[in-house]
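Just below is one structure, and these are the notes that go with it.
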Amino acid sequence: MAFFSKLKDRLFKSSAKLEKGLDAIVEEGAEAAVSQPDVSPEPAPVETPVETPVETPAEPPVEAPVAPPVEVPAEAPKETPTEAPSEVPNAPAQEDKVQPAPVRTEPVAKPMPKPSLTPVPTPKPESVETPKAGLLGRLIGRGKAEEPRRVLDDEMLEQLEDLLVGADMGVDTALRVTANMAEGRYGKRLSAREIKELLAGEVARIMEPVARPMPIYEKRPQVVLVVGVNGSGKTTTIGKLASQFKAAGKKVVIAAGDTFRAAAVEQLQVWGDRAGVPVLTAPEGSDPASLAFDAMTRAQEDGADLLMIDTAGRLQNRADLMEELAKIVRVIRKKDETAPHNTLLVLDATTGQNALNQVETFQKLADVSGLVMTKLDGTAKGGVLVALADKFGLPIHAIGVGEQIDDLAPFDPEEFAAALTGLEGS
Ligand SMILES: Nc1nc2c(ncn2[C@@H]2O[C@H](COP(=O)(O)OP(=O)(O)OP(=O)(O)O)[C@@H](O)[C@H]2O)c(=O)[nH]1
């Protein structure tokens with residue numbers, strides 16, 4: 001199965017929610033579609049008045065400049081370059097070719113520049129000559145004249161905003177996205193598909209700057225600290241990443257740093273076995289920093305490429321957690337002052353807007369350098385990724401789309417946008 005279909009399949013709850021909502025918005029205010037073909041195939045007679053012809057009474061009054069019958073392109077403008085999506089996700093291997101300089105030479109924890117607050121002018125769509133929908137066209141579903149269309153006005157924009165807020169995009173992002181969608185199109189008649197394409201284009205534009213695989217450095221061992229609240233998917237993500245790194249030829253060691261929960265340690269051992277990677281553990285209740293130090297020693301002795309350190313995620317006592325994370329960092333820096341080279345924050349997509357609070361909290365506790373978003377399968381809250389990208393600009397290294405070892409994919413903005421909005425892959 002192509003990865004696009006898999007992602008769309010897995011994101012079905014988010015996509016179904018947006019897709020149905022968009023269809024309903026257009027249908028609700030749609031004009032009589034058949035009497036409103038997109039484009040008159042006949043050249044207009046010279047004496048044709050500028051106003052809407054009398055024989056199209058279904059056109060509702062519009063306050064804004066009246067749109068010509070068709071000015072909306074059949075395809076939304078593609079503004080973001082696409083990397084060839086990989087059937088088998090392998091983020092580490094991709095990045096490995098680049099081998100960037102060690103992490104401390106660049107401010108990895110600093111948020112990337114935020115997208116501009118002002119709507120980005122969208123290229124004005126050129127008129128598209130839509131061929132007259134013949135019987136064959138209608139039979140195969142290409143009859144554009146059959147599509148319900150609705151004039152993009154304030155009421156429709158408000159409905160779109162509400163829909164996006166309901167899909168967990170957050171108010172600020174939803175307003176920005178709809179403003180950009182309306183740019184140059186206000187008063188025009190749009191079909192549901194055209195709106196989905198516009199929305200997908202906007203989402204992809206916001207997501208493109210943050211879609212970055214986890215950087216791999218020449219430093220050995222590269223230390224990856226994994227943080228996040230309990231249950232967000234840290235253990236599972238470490239297992240999946242370890243498996244992918246190993247498949248890419250890397251020697252990996254895992255440290256089970258959540259020493260307070262025996263079950264967490266056992267679970268990590270199970271994932272280590274699955275990935276074929278050693279997991280260093282310590283007795284329940286022992287000092288996680290001491291384990292991290294031992295793991296660092298072992299990883300150095302073994303010539304490991306990567307050391308992945310799991311951590312506790314108890315936010316109930318932030319001061320303790322902050323001290324615990326700070327101590328882990330202090331001791332591993334005794335071995336390598338540039339460590340940790342990555343601090344991954346694992347977020348559970350099903351928590352919706354709460355994910356935004358978690359980013360703020362963990363940015364105070366640790367130097368978060370990138371995000372992994374888990375449980376994107378089976379949630380209607382996938383829109384929160386757009387809000388996260390828009391608000392923080394932190395790189396999204398990968399997304400979790402299931403509980404199996406292979407269910408971790410590099411983040412592809414265009415595929416995500418298409419899957420989120422319910423567009424078919426082409
Ligand atoms: N559907 C789905 N489930 C996931 C995904 N990632 C993790 N899970 C599940 O989420 C639950 C919690 O995952 P863990 O990896 O144990 O989370 P954790 O952050 O390590 O939690 P603690 O061990 O309590 O600290 C498990 O049942 C996982 O199988 C994902 O991408 N999709």
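Labels used: A, B, ... for chains in the order of the structure tokens, numbers from 1 for residues in each chain, and numbers from 1 for ligands as shown.
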Could you produce a table of the residues of chain A lying within 7 Å of ligand 1, with the nearest pair of atoms per residue and their separation in Å rounded to one decimal, using only C-alpha atoms and all ligand atoms, ordered by chain and increasing residue number, as CSV?
```
residue,atom,partner,partner_atom_place_in_ligand_line,distance
A:Gly228,CA,ligand 1,19 (O),6.3
A:Val229,CA,ligand 1,19 (O),6.0
A:Asn230,CA,ligand 1,25 (O),3.7
A:Gly231,CA,ligand 1,21 (O),3.3
A:Ser232,CA,ligand 1,19 (O),4.0
A:Gly233,CA,ligand 1,17 (O),3.2
A:Lys234,CA,ligand 1,19 (O),3.8
A:Thr235,CA,ligand 1,15 (O),3.6
A:Thr236,CA,ligand 1,15 (O),3.7
A:Thr237,CA,ligand 1,15 (O),6.2
A:Ala264,CA,ligand 1,23 (O),4.5
A:Ala312,CA,ligand 1,25 (O),6.1
A:Gly313,CA,ligand 1,25 (O),5.8
A:Thr374,CA,ligand 1,31 (O),4.0
A:Lys375,CA,ligand 1,32 (N),3.4
A:Leu376,CA,ligand 1,31 (O),6.1
A:Asp377,CA,ligand 1,1 (N),5.7
A:Gly378,CA,ligand 1,1 (N),6.7
A:Ile399,CA,ligand 1,31 (O),6.9
A:Gly400,CA,ligand 1,31 (O),3.3
A:Val401,CA,ligand 1,31 (O),4.2
A:Gly402,CA,ligand 1,32 (N),3.5
A:Glu403,CA,ligand 1,3 (N),4.6
A:Asp407,CA,ligand 1,31 (O),6.6
A:Leu408,CA,ligand 1,31 (O),6.9
```
Report the closest atom pair, with its distance in Å rounded to one decimal, for each residue of stretch 378-402 of chain A that has an atom no farther than 9 Å from stretch 164-170 of chain A; count only C-alpha atoms, sort by chain and then rising residue number, and write it as CSV.
```
residue,atom,partner,partner_atom,distance
A:Ala380,CA,A:Ala167,CA,6.7
A:Lys381,CA,A:Asp168,CA,5.4
A:Gly382,CA,A:Asp168,CA,7.1
A:Gly383,CA,A:Met169,CA,4.7
A:Val384,CA,A:Asp168,CA,4.9
A:Leu385,CA,A:Met169,CA,7.5
A:Val386,CA,A:Met169,CA,6.0
A:Ala387,CA,A:Met169,CA,5.0
A:Leu388,CA,A:Met169,CA,8.4
```
Return as an MDAnalysis selection string the full set of residues in stretch 192-276 of chain A whose backbone-based DSSP assignment is strand (DSSP E). chainID A and resid 222:227 252:255
Only C-alpha atoms, please: the residues just picked out, written as a PDB file, in the first residue's frame.
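Final output, saved to result18.pdb:
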```pdb
ATOM      1  CA  GLN A 222      24.984  10.814  19.704  1.00  0.00           C
ATOM      2  CA  VAL A 223      22.869  11.236  22.823  1.00  0.00           C
ATOM      3  CA  VAL A 224      19.112  11.488  22.325  1.00  0.00           C
ATOM      4  CA  LEU A 225      17.145  12.464  25.419  1.00  0.00           C
ATOM      5  CA  VAL A 226      13.471  11.538  25.104  1.00  0.00           C
ATOM      6  CA  VAL A 227      10.981  13.523  27.189  1.00  0.00           C
ATOM      7  CA  VAL A 252      22.149   1.792  19.296  1.00  0.00           C
ATOM      8  CA  VAL A 253      22.006   1.588  23.109  1.00  0.00           C
ATOM      9  CA  ILE A 254      18.888   2.414  25.134  1.00  0.00           C
ATOM     10  CA  ALA A 255      18.861   3.593  28.757  1.00  0.00           C
TER      11      ALA A 255
END
```
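Running DSSP on the backbone and keeping only helix (DSSP H, G or I), the residues of stretch 319-362 of chain A that qualify are Ala319, Asp320, Leu321, Met322, Glu323, Glu324, Leu325, Ala326, Lys327, Ile328, Val329, Arg330, Val331, Ile332, Arg333, Lys334, Lys335, Ala349, Thr350, Thr351, Asn354, Ala355, Leu356, Asn357, Gln358, Val359, Glu360, Thr361 and Phe362 of chain A.
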